[in-house]
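Student: I am attaching a structure below and will ask some questions about it afterwards.
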Amino acid sequence: MAEFSKEMKIVLIINMIVAFVYGIMYVFLPEAVYSLNDAPYFDPHFWRLFGGVLIAMGIPILLGILKGDWEHIKLFYLFAIIALIIMALVNLTSNIYVTRSATNLVFHWLDTIVMIVLIVFNVFFYLREEKK
């Protein structure tokens, strides 16, 4: 059983908090999120679906933290990094084909920056844990 480092545990907790906060917002409060960020399109089904995916990504992180075993969480962690990269690329390219208000642009870039920061931290700590 390969236990992960304290720093990795902190990164996992940050990932879990971000996944649950965004997930809960999109599942339970899509109308409020839509109103706050002045999104150009609103389809509550897909917003809730995306929130559900984020919550589904947060649950294995919680289980991994409780189990404390790197081997059990490693593959899922790699999947999460790939998912974040794809979401960040979609977010970045959506600037080309979506007309946004100033308010929505601020929220859009905030989301993109959060994803990029998470990608950097996750890749760094993934590579560090793999060296052990």
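Identifiers in the structure tokens: chain A, B, ... in order shown; residue index from 1 per chain; ligand index from 1 in order shown.
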Extract, using only C-alpha atoms, all DNA, RNA and protein residues at most 12 Å from A:Leu66, discarding same-chain residues fewer than 3 positions from it, and format them as a list in words.
Tutor: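 That gives Glu3, Phe4, Lys9, Leu12, Ile13, Ile59, Pro60, Ile61, Leu62, Leu63, Asp69, Trp70, His72 and Ile73 of chain A.
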Student: List every residue of stretch 82-104 of chain A that has an atom at most 9 Å from any atom of stretch 31-49 of chain A, and for each one report the closest atom pair and its distance in Å to one decimal, counting only C-alpha atoms, with rows sorted by chain and then by increasing residue number, as JSON lines.
Tutor:
{"residue": "A:Val98", "atom": "CA", "partner": "A:Pro40", "partner_atom": "CA", "distance": 7.7}
{"residue": "A:Thr99", "atom": "CA", "partner": "A:Pro40", "partner_atom": "CA", "distance": 7.2}
{"residue": "A:Arg100", "atom": "CA", "partner": "A:Pro40", "partner_atom": "CA", "distance": 6.3}
{"residue": "A:Ser101", "atom": "CA", "partner": "A:Asp38", "partner_atom": "CA", "distance": 7.0}
{"residue": "A:Ala102", "atom": "CA", "partner": "A:Asp38", "partner_atom": "CA", "distance": 8.7}
{"residue": "A:Thr103", "atom": "CA", "partner": "A:Asn37", "partner_atom": "CA", "distance": 6.0}
{"residue": "A:Asn104", "atom": "CA", "partner": "A:Asn37", "partner_atom": "CA", "distance": 4.9}
Student: Store the residues picked out above, limited to all heavy atoms, as a PDB file, in the first residue's frame.
Tutor:
ATOM      1  N   VAL A  98     -18.632  31.938 -29.074  1.00  0.00           N
ATOM      2  CA  VAL A  98     -19.701  32.390 -28.178  1.00  0.00           C
ATOM      3  C   VAL A  98     -19.540  33.879 -27.915  1.00  0.00           C
ATOM      4  O   VAL A  98     -18.479  34.338 -27.513  1.00  0.00           O
ATOM      5  CB  VAL A  98     -19.680  31.617 -26.838  1.00  0.00           C
ATOM      6  CG1 VAL A  98     -20.732  32.170 -25.888  1.00  0.00           C
ATOM      7  CG2 VAL A  98     -19.897  30.134 -27.053  1.00  0.00           C
ATOM      8  N   THR A  99     -20.607  34.627 -28.157  1.00  0.00           N
ATOM      9  CA  THR A  99     -20.615  36.053 -27.835  1.00  0.00           C
ATOM     10  C   THR A  99     -20.991  36.188 -26.369  1.00  0.00           C
ATOM     11  O   THR A  99     -22.026  35.681 -25.941  1.00  0.00           O
ATOM     12  CB  THR A  99     -21.630  36.798 -28.715  1.00  0.00           C
ATOM     13  OG1 THR A  99     -21.321  36.530 -30.086  1.00  0.00           O
ATOM     14  CG2 THR A  99     -21.584  38.281 -28.444  1.00  0.00           C
ATOM     15  N   ARG A 100     -20.157  36.876 -25.606  1.00  0.00           N
ATOM     16  CA  ARG A 100     -20.368  36.971 -24.159  1.00  0.00           C
ATOM     17  C   ARG A 100     -20.515  38.427 -23.722  1.00  0.00           C
ATOM     18  O   ARG A 100     -19.898  39.313 -24.289  1.00  0.00           O
ATOM     19  CB  ARG A 100     -19.185  36.351 -23.422  1.00  0.00           C
ATOM     20  CG  ARG A 100     -18.960  34.903 -23.734  1.00  0.00           C
ATOM     21  CD  ARG A 100     -17.753  34.361 -22.987  1.00  0.00           C
ATOM     22  NE  ARG A 100     -17.483  32.992 -23.356  1.00  0.00           N
ATOM     23  CZ  ARG A 100     -18.146  31.951 -22.890  1.00  0.00           C
ATOM     24  NH1 ARG A 100     -19.114  32.122 -22.021  1.00  0.00           N
ATOM     25  NH2 ARG A 100     -17.845  30.729 -23.275  1.00  0.00           N
ATOM     26  N   SER A 101     -21.293  38.611 -22.670  1.00  0.00           N
ATOM     27  CA  SER A 101     -21.373  39.925 -22.040  1.00  0.00           C
ATOM     28  C   SER A 101     -20.122  40.115 -21.183  1.00  0.00           C
ATOM     29  O   SER A 101     -19.380  39.164 -20.928  1.00  0.00           O
ATOM     30  CB  SER A 101     -22.622  40.007 -21.163  1.00  0.00           C
ATOM     31  OG  SER A 101     -22.488  39.144 -20.046  1.00  0.00           O
ATOM     32  N   ALA A 102     -19.905  41.323 -20.713  1.00  0.00           N
ATOM     33  CA  ALA A 102     -18.740  41.604 -19.866  1.00  0.00           C
ATOM     34  C   ALA A 102     -18.800  40.789 -18.575  1.00  0.00           C
ATOM     35  O   ALA A 102     -17.789  40.242 -18.131  1.00  0.00           O
ATOM     36  CB  ALA A 102     -18.659  43.094 -19.561  1.00  0.00           C
ATOM     37  N   THR A 103     -19.985  40.691 -17.983  1.00  0.00           N
ATOM     38  CA  THR A 103     -20.149  39.912 -16.750  1.00  0.00           C
ATOM     39  C   THR A 103     -19.813  38.459 -16.990  1.00  0.00           C
ATOM     40  O   THR A 103     -19.079  37.837 -16.223  1.00  0.00           O
ATOM     41  CB  THR A 103     -21.601  40.026 -16.234  1.00  0.00           C
ATOM     42  OG1 THR A 103     -21.917  41.398 -16.060  1.00  0.00           O
ATOM     43  CG2 THR A 103     -21.789  39.276 -14.941  1.00  0.00           C
ATOM     44  N   ASN A 104     -20.341  37.887 -18.074  1.00  0.00           N
ATOM     45  CA  ASN A 104     -20.088  36.490 -18.374  1.00  0.00           C
ATOM     46  C   ASN A 104     -18.619  36.251 -18.689  1.00  0.00           C
ATOM     47  O   ASN A 104     -18.069  35.216 -18.341  1.00  0.00           O
ATOM     48  CB  ASN A 104     -20.971  36.007 -19.522  1.00  0.00           C
ATOM     49  CG  ASN A 104     -20.788  34.538 -19.767  1.00  0.00           C
ATOM     50  OD1 ASN A 104     -20.183  34.148 -20.761  1.00  0.00           O
ATOM     51  ND2 ASN A 104     -21.290  33.730 -18.861  1.00  0.00           N
TER      52      ASN A 104
END
Student: Counting only C-alpha atoms, what are the residues of stretch 7-99 of chain A within 9 Å of stretch 122-131 of chain A, and for each of them which pair of atoms is the nearest and at what distance in Å, to one decimal? Sort the table by chain and rising number, as JSON lines.
Tutor:
{"residue": "A:Glu7", "atom": "CA", "partner": "A:Phe125", "partner_atom": "CA", "distance": 8.0}
{"residue": "A:Met8", "atom": "CA", "partner": "A:Phe125", "partner_atom": "CA", "distance": 6.3}
{"residue": "A:Val11", "atom": "CA", "partner": "A:Asn122", "partner_atom": "CA", "distance": 7.2}
{"residue": "A:Leu12", "atom": "CA", "partner": "A:Asn122", "partner_atom": "CA", "distance": 8.5}
{"residue": "A:Asn15", "atom": "CA", "partner": "A:Asn122", "partner_atom": "CA", "distance": 8.7}
{"residue": "A:Trp70", "atom": "CA", "partner": "A:Glu129", "partner_atom": "CA", "distance": 8.1}
{"residue": "A:Lys74", "atom": "CA", "partner": "A:Tyr126", "partner_atom": "CA", "distance": 8.1}
{"residue": "A:Tyr77", "atom": "CA", "partner": "A:Tyr126", "partner_atom": "CA", "distance": 7.8}
{"residue": "A:Leu78", "atom": "CA", "partner": "A:Tyr126", "partner_atom": "CA", "distance": 7.8}
{"residue": "A:Ala80", "atom": "CA", "partner": "A:Asn122", "partner_atom": "CA", "distance": 8.8}
{"residue": "A:Ile81", "atom": "CA", "partner": "A:Asn122", "partner_atom": "CA", "distance": 6.6}
Student: Could you state the separation of atom CA of A:Met16 and atom CA of A:Leu110 in Å, given to one decimal place?
Tutor: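 Atom CA of A:Met16 sits 17.9 Å away from atom CA of A:Leu110.
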Student: Rounded to one decimal in Å, what is the spacing between atom CA of A:Ile119 and atom CA of A:Gly58?
Tutor: 15.2 Å
Student: Given only C-alpha atoms as the basis, pick out the residue of A:Val53, A:Lys67, A:Phe76, A:Ala19 nearest to A:Ala2.
Tutor: A:Lys67
Student: Excluding stretch 86-89 of chain A and residues on its chain fewer than 4 positions from it, collect all residues at most 9 Å away from it, counting only C-alpha atoms, and give them as number ranges by chain.
Tutor: A: 81-82, 93-94, 111-113, 115-116, 119
Student: If you keep N, CA and C atoms, can you produce a file of those selected residues as a PDB file, in the first residue's frame?
Tutor:
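The new file part-v4.pdb reads:
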ATOM      1  N   ILE A  81      -7.154  14.744 -14.391  1.00  0.00           N
ATOM      2  CA  ILE A  81      -6.251  15.691 -15.057  1.00  0.00           C
ATOM      3  C   ILE A  81      -6.640  15.829 -16.526  1.00  0.00           C
ATOM      4  N   ILE A  82      -6.884  14.696 -17.180  1.00  0.00           N
ATOM      5  CA  ILE A  82      -7.273  14.720 -18.592  1.00  0.00           C
ATOM      6  C   ILE A  82      -8.609  15.447 -18.770  1.00  0.00           C
ATOM      7  N   THR A  93     -11.498  27.662 -26.266  1.00  0.00           N
ATOM      8  CA  THR A  93     -11.961  27.758 -27.654  1.00  0.00           C
ATOM      9  C   THR A  93     -13.364  28.332 -27.756  1.00  0.00           C
ATOM     10  N   SER A  94     -14.148  28.256 -26.682  1.00  0.00           N
ATOM     11  CA  SER A  94     -15.504  28.814 -26.748  1.00  0.00           C
ATOM     12  C   SER A  94     -15.494  30.324 -26.918  1.00  0.00           C
ATOM     13  N   ASP A 111     -13.432  30.819 -14.231  1.00  0.00           N
ATOM     14  CA  ASP A 111     -13.515  29.356 -14.344  1.00  0.00           C
ATOM     15  C   ASP A 111     -12.298  28.791 -15.055  1.00  0.00           C
ATOM     16  N   THR A 112     -11.891  29.428 -16.131  1.00  0.00           N
ATOM     17  CA  THR A 112     -10.739  28.956 -16.906  1.00  0.00           C
ATOM     18  C   THR A 112      -9.459  29.036 -16.080  1.00  0.00           C
ATOM     19  N   ILE A 113      -9.280  30.112 -15.347  1.00  0.00           N
ATOM     20  CA  ILE A 113      -8.091  30.260 -14.506  1.00  0.00           C
ATOM     21  C   ILE A 113      -8.077  29.205 -13.408  1.00  0.00           C
ATOM     22  N   MET A 115      -9.388  26.250 -13.563  1.00  0.00           N
ATOM     23  CA  MET A 115      -9.029  24.983 -14.205  1.00  0.00           C
ATOM     24  C   MET A 115      -7.537  24.906 -14.506  1.00  0.00           C
ATOM     25  N   ILE A 116      -6.966  25.977 -15.017  1.00  0.00           N
ATOM     26  CA  ILE A 116      -5.539  25.970 -15.357  1.00  0.00           C
ATOM     27  C   ILE A 116      -4.691  25.797 -14.094  1.00  0.00           C
ATOM     28  N   ILE A 119      -4.947  22.226 -13.053  1.00  0.00           N
ATOM     29  CA  ILE A 119      -4.159  21.369 -13.950  1.00  0.00           C
ATOM     30  C   ILE A 119      -2.689  21.416 -13.556  1.00  0.00           C
TER      31      ILE A 119
END
Student: In Å to one decimal, how far is atom CA of A:Ile85 from atom CA of A:Gly64?
Tutor: 21.2 Å
Student: Using only C-alpha atoms, which of the listed residues (A:Ile65, A:Leu92, A:Leu105, A:Phe50) sits closest to A:Ile14?
Tutor: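 Closest to A:Ile14, using only C-alpha atoms: A:Ile65.
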Student: Leaving out A:Gly51 and any residue of its chain fewer than 4 positions from it, which residues lie within 10 Å of it when counting only C-alpha atoms, given as a ChimeraX atom specification?
Tutor: /A:19-30,45-47,55-57
